[in-house]
Every structure is written in structure tokens, then in C-alpha cells.
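Engineer: Questions regarding the structure given below will be posed in turn.
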Amino acid sequence: MEREGEKPVKVLRRILESPGVHQGPACFDALSAKLIQSAGFRFCITSGFSISASRLALPDTGLISYGEMLDHAQLITQAVSIPIIVDADNGYGNAMNVKRTVKGFIAAGFAGIILEDQVAPKACGHTRGRKVVSREEAVMKIKAAVDARTESGSDIVIVARTDARQAVSLDEALTRVKAFADAGADVLFIDALASKEEMKALCQVSPNVPKLANMLEGGGKTPILNPVELEEVGYKLVVYPLSLIGVSILAMQGALAHIREGRIPPSGSMPSFEEIKDIVGFNAYYKEEEHYATSSDQQP
């Protein structure tokens, strides 16, 4: 149970230390993060794939910049109180860029940060043509992230991701995550593992360091396991990167088809106007507004 006023990073650290596997859907804007929090999830992540899609209408191929991502992401942390782990791609450059990236996301209020080892331009780990930097450079970037955390006086959770499974081999990916743990990473993540056996192999590396599973919906390379199965394999965190953006796209396409035919979306396919107002905060706003009311605000 979270304590009122507790910093998000402390909450996330406590989640990592608590029994079981913990689910974190991916948000792509402030509203989706707010919906995740309202649904009772204890943490969430940002999805670079989904933010690139929603903000730019472009693929997750390294086209979105650090400044754009930071500007967008800090609006998300302002909207909710649950811990958020930010997708920081490959840190937007070399080790020095990584330090700036980590410090920027710390200042923006994130509880965790995912850093990967792809070359630039990076792309979604389940797409073709993945390439990674050398193991030495990858480890050095994690060390830079740890140094940035120390210099900031923060305790942000560093999630170290490798894409070496698809780019090189499973053995190389396993070697890298072990080196990431030795460099100070708090959570280990190999993207695009291709079987349950490969997932088990990850969870046997540095057994005291939590592992993150990426359940890419709709046809990714990794088998979809339920939370009970993931806990049995050895995972601590599980994220769902495309669920919210995916159902949003389908819902919008359906609504547009109805409008094109001269109709509005059918009852039950969208909230009522009153429900929408409540979701985005009108009722809370009105209640707080009363606290500052003056005599001139009274209606005749």
C-alpha cells in the first residue's frame, strides 16, 4: 500500500522489493496515464513507440528527439502520482548524452528510466534490422547513467535493456545484462526474446536483480504469458506497450466510420459527456474552485 506524499521513486523501489509480479501498462500522454492510475495500477511506463505515433504520427525509428520526448513526458508526470518509468531510447547519444538525459528525466519527476544499447537511429526492438553498439560502449553508458543518478542525489531506478538477442545472439544478450547488473543497473531487460526458455535464461542471470518482461501485444516476437506464468519464470515487472494506443486507434477508426456515414458513435462505444467531464477533472475543478469563491462569483 502506498503512503500519501511518498515520492514515486520510493514507491517503485518498494514495488521491486515486494512479492509477486507487477503489471505496468504503457501510457502515451497525460490522459492515458491518468486512466492507468484510475484503473488501480501501481506504476506505468511511457512507450516511445506510442508517443512517436501519437505526437508525430511517425514510426518508432529514432525520429523523436530528446527535447520533444522530455517536453511531452513531463506533462505525464504532472498528471499522476504513481511512479512512471520513462522510455529513454538509447540515451540520445554517447555516454555524456546519457548523463544529460538521465538528469533531465530525474528533474521531470520520473521514478525509473529505460536505457537500451541500440545504435542510432534506434527502432522498436521487435522490428527488423536491429543493431547494437559494442558491449564495452553499452556498459559504459549504464555506468554514465549511474553516475548521473549519484550526481543528482536521486535514487531513480535504472532499467538496462539490450536488443542484442535479435541483433547478435542470445548468449551475447545474456552476457550484456550480466555486465549491466555489475555496472549498477537496478532492473534487467532483454527485448524480443523468442521463447519461454529464453525468458527463463534471462531470469537466471544475476538472480538478485529484478527482471522486466515486455508483452508486446498483437504479434511481437516474445510469447505472451499471463502474470502467474511470468512470476513462475522469475520476472518482477511486466509491461504492455501497445494496448492503449492500439485500442485507441481502432476505436477512433470505428468512430470516424460512423461519422462518415452521418451518424455519431453508438451508445456504449464512448462515455457520456458527464463521464468525460468527470474523467478529465471538471468535477474536481469545480469543487476546488468553490474554496476560492468570492461574493462577486455568486450567480444572480
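Labels used: A, B, ... for chains in the order of the C-alpha cells, numbers from 1 for residues in each chain, and numbers from 1 for ligands as shown.
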Quick one: residues within 6 Å of region 183-193 of chain A, only C-alpha atoms counted, chain neighbours fewer than 4 positions away excluded, as JSON, numbers by chain?
Structural biologist: {"A": [126, 143, 157, 158, 159, 160, 161, 162, 163, 209, 210, 211, 212, 221, 222]}
Engineer: Based on the selection just made, write N, CA and C atoms of those residues as a short mmCIF file (atom, residue, chain, number, x, y, z; two decimals), in the first residue's frame.
Structural biologist:
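Written out: part_24.cif:
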```
data_model
loop_
_atom_site.label_atom_id
_atom_site.label_comp_id
_atom_site.auth_asym_id
_atom_site.auth_seq_id
_atom_site.Cartn_x
_atom_site.Cartn_y
_atom_site.Cartn_z
N HIS A 126 11.18 -5.10 -31.84
CA HIS A 126 10.54 -6.23 -32.50
C HIS A 126 10.44 -6.03 -34.01
N LYS A 143 27.06 2.85 -16.85
CA LYS A 143 27.87 3.48 -15.80
C LYS A 143 27.65 4.99 -15.78
N VAL A 157 15.33 4.53 -10.63
CA VAL A 157 15.56 3.13 -10.98
C VAL A 157 16.04 3.04 -12.42
N ILE A 158 17.20 2.44 -12.62
CA ILE A 158 17.79 2.30 -13.95
C ILE A 158 17.46 0.91 -14.50
N VAL A 159 16.68 0.90 -15.57
CA VAL A 159 16.32 -0.34 -16.25
C VAL A 159 17.22 -0.46 -17.47
N ALA A 160 18.11 -1.43 -17.47
CA ALA A 160 19.07 -1.60 -18.55
C ALA A 160 18.54 -2.63 -19.54
N ARG A 161 18.37 -2.18 -20.77
CA ARG A 161 17.80 -3.03 -21.83
C ARG A 161 18.85 -3.33 -22.89
N THR A 162 18.87 -4.56 -23.37
CA THR A 162 19.68 -4.89 -24.53
C THR A 162 18.79 -5.44 -25.65
N ASP A 163 19.15 -5.07 -26.87
CA ASP A 163 18.50 -5.60 -28.07
C ASP A 163 19.40 -6.61 -28.78
N VAL A 209 18.80 -9.43 -9.08
CA VAL A 209 18.42 -8.21 -9.79
C VAL A 209 17.09 -8.46 -10.50
N PRO A 210 16.06 -7.64 -10.27
CA PRO A 210 14.74 -7.85 -10.89
C PRO A 210 14.81 -7.81 -12.42
N LYS A 211 13.87 -8.55 -13.03
CA LYS A 211 13.80 -8.61 -14.49
C LYS A 211 12.47 -8.02 -14.96
N LEU A 212 12.51 -7.41 -16.16
CA LEU A 212 11.31 -6.81 -16.77
C LEU A 212 10.95 -7.61 -18.02
N LYS A 221 7.66 -10.74 -31.08
CA LYS A 221 8.49 -11.94 -31.09
C LYS A 221 8.41 -12.73 -29.79
N THR A 222 8.08 -12.06 -28.69
CA THR A 222 8.07 -12.71 -27.38
C THR A 222 6.71 -13.35 -27.11
#
```
Engineer: For Asp71 (chain A), find every residue with an atom within 12 Å (counting only C-alpha atoms), except residues of its own chain fewer than 2 positions away, and show them as a ChimeraX atom specification.
Structural biologist: /A:29-30,51,55,64-69,73-78,104-105,107-108
Engineer: Tell me which of A:Ala95, A:Ile276, A:Ile156, A:Ile82 sits closest to Ser38 (chain A), counting only C-alpha atoms.
Structural biologist: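 Ranking A:Ala95, A:Ile276, A:Ile156, A:Ile82 by distance to Ser38 (chain A), first place goes to A:Ile82.
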Engineer: Which value, in Å to one decimal, gives the distance between CA of Asn283 (chain A) and CA of Ser54 (chain A)?
Structural biologist: 27.2 Å
Engineer: Rank nothing, just name the residue among A:Leu237, A:Ala201, A:Ile142, A:Ala164 nearest to Leu12 (chain A), using only C-alpha atoms.
Structural biologist: A:Leu237
Engineer: From region 106-190 of chain A, collect each residue whose DSSP state is strand (DSSP E) and return the set as a list in words.
Structural biologist: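 For region 106-190 of chain A, the strand (DSSP E) set is Gly112, Ile113, Ile114, Leu115, Val157, Ile158, Val159, Ala160, Arg161, Thr162, Val187, Leu188, Phe189 and Ile190 of chain A.
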Engineer: Based on DSSP run over this structure's backbone, return all residues of region 141-214 of chain A in alpha helix (DSSP H), as an MDAnalysis selection string.
Structural biologist: chainID A and resid 141:152 164:167 170:183 196:203
Engineer: Using CA of Pro25 (chain A) and CA of Thr46 (chain A) as the two end points, give the distance in Å to one decimal.
Structural biologist: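 A separation of 8.5 Å between them.
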Engineer: Could you give me, as a list in words, the residues within 12 Å of Val168 (chain A), counting only C-alpha atoms and dropping anything in the same chain fewer than 5 positions from it?
Structural biologist: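 My list of contacting residues is Asp117, Gln118, Gly129, Arg130, Lys131, Val132, Val133, Ser134, Arg135, Thr162, Asp163, Ala173, Leu174, Thr175 and Arg176 of chain A.
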Engineer: Using only C-alpha atoms, which of A:Ile106, A:Leu115, A:Val238, A:Leu70 sits nearest Gly153 (chain A)?
Structural biologist: A:Ile106
Engineer: Report, in Å to a single decimal, how far apart CA of Ser18 (chain A) and CA of Leu230 (chain A) are.
Structural biologist: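 Going from CA of Leu230 (chain A) over to CA of Ser18 (chain A) covers 15.2 Å.
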Engineer: Could you name the residues that touch Ala255 (chain A) at 9 Å or less, counting only C-alpha atoms, but leaving out those on the same chain fewer than 3 positions away, as a list of chain:residue names?
Structural biologist: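 Residues meeting the cut-off are A:Leu250, A:Ala251, A:Met252, A:His258, A:Ile259, A:Arg260, A:Ile264, A:Pro265, A:Pro266, A:Ser269.
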Engineer: Identify which of the residues A:Glu229, A:Asp60, A:Glu289, A:Glu136 lies closest to Lys122 (chain A), counting only C-alpha atoms when measuring atom-to-atom distances.
Structural biologist: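 Smallest separation from Lys122 (chain A) among the options: A:Asp60.
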Engineer: Looking at A:Ala148, A:Glu198, A:Lys236, A:Ala181, which one is nearest to Arg13 (chain A), with distances taken over only C-alpha atoms?
Structural biologist: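 Comparing A:Ala148, A:Glu198, A:Lys236, A:Ala181 against Arg13 (chain A), the winner is A:Lys236.
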Engineer: Env of Gly93 (chain A): 10 Å cut, atoms = only C-alpha atoms, seq-sep filter 5 positions within chain, self excluded. Answer as a short mmCIF file (atom, residue, chain, number, x, y, z; two decimals) with N, CA and C atoms, in the first residue's frame.
Structural biologist:
```
data_model
loop_
_atom_site.label_atom_id
_atom_site.label_comp_id
_atom_site.auth_asym_id
_atom_site.auth_seq_id
_atom_site.Cartn_x
_atom_site.Cartn_y
_atom_site.Cartn_z
N TYR A 66 15.25 13.99 -28.02
CA TYR A 66 15.27 14.08 -26.56
C TYR A 66 14.41 15.23 -26.07
N VAL A 98 23.89 10.46 -22.39
CA VAL A 98 23.12 9.66 -21.43
C VAL A 98 23.04 10.38 -20.09
N LYS A 99 24.15 10.95 -19.64
CA LYS A 99 24.13 11.65 -18.36
C LYS A 99 23.13 12.81 -18.39
N ARG A 100 23.14 13.58 -19.46
CA ARG A 100 22.20 14.70 -19.58
C ARG A 100 20.76 14.18 -19.64
N THR A 101 20.56 13.10 -20.37
CA THR A 101 19.23 12.52 -20.49
C THR A 101 18.70 12.07 -19.13
N VAL A 119 22.18 1.13 -31.76
CA VAL A 119 22.86 2.22 -32.44
C VAL A 119 21.80 3.23 -32.89
N ALA A 120 22.25 4.41 -33.25
CA ALA A 120 21.34 5.43 -33.78
C ALA A 120 21.30 5.32 -35.31
N PRO A 121 20.11 5.47 -35.92
CA PRO A 121 18.82 5.66 -35.27
C PRO A 121 18.28 4.33 -34.75
N LYS A 141 27.71 3.28 -20.98
CA LYS A 141 26.54 4.15 -20.93
C LYS A 141 25.71 3.88 -19.67
#
```
Engineer: Between A:Ala111, A:Gln166, A:Pro59, A:Val86, single out the one closest to Ile15 (chain A), counting only C-alpha atoms.
Structural biologist: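 Smallest distance to Ile15 (chain A) is found for A:Ala111.
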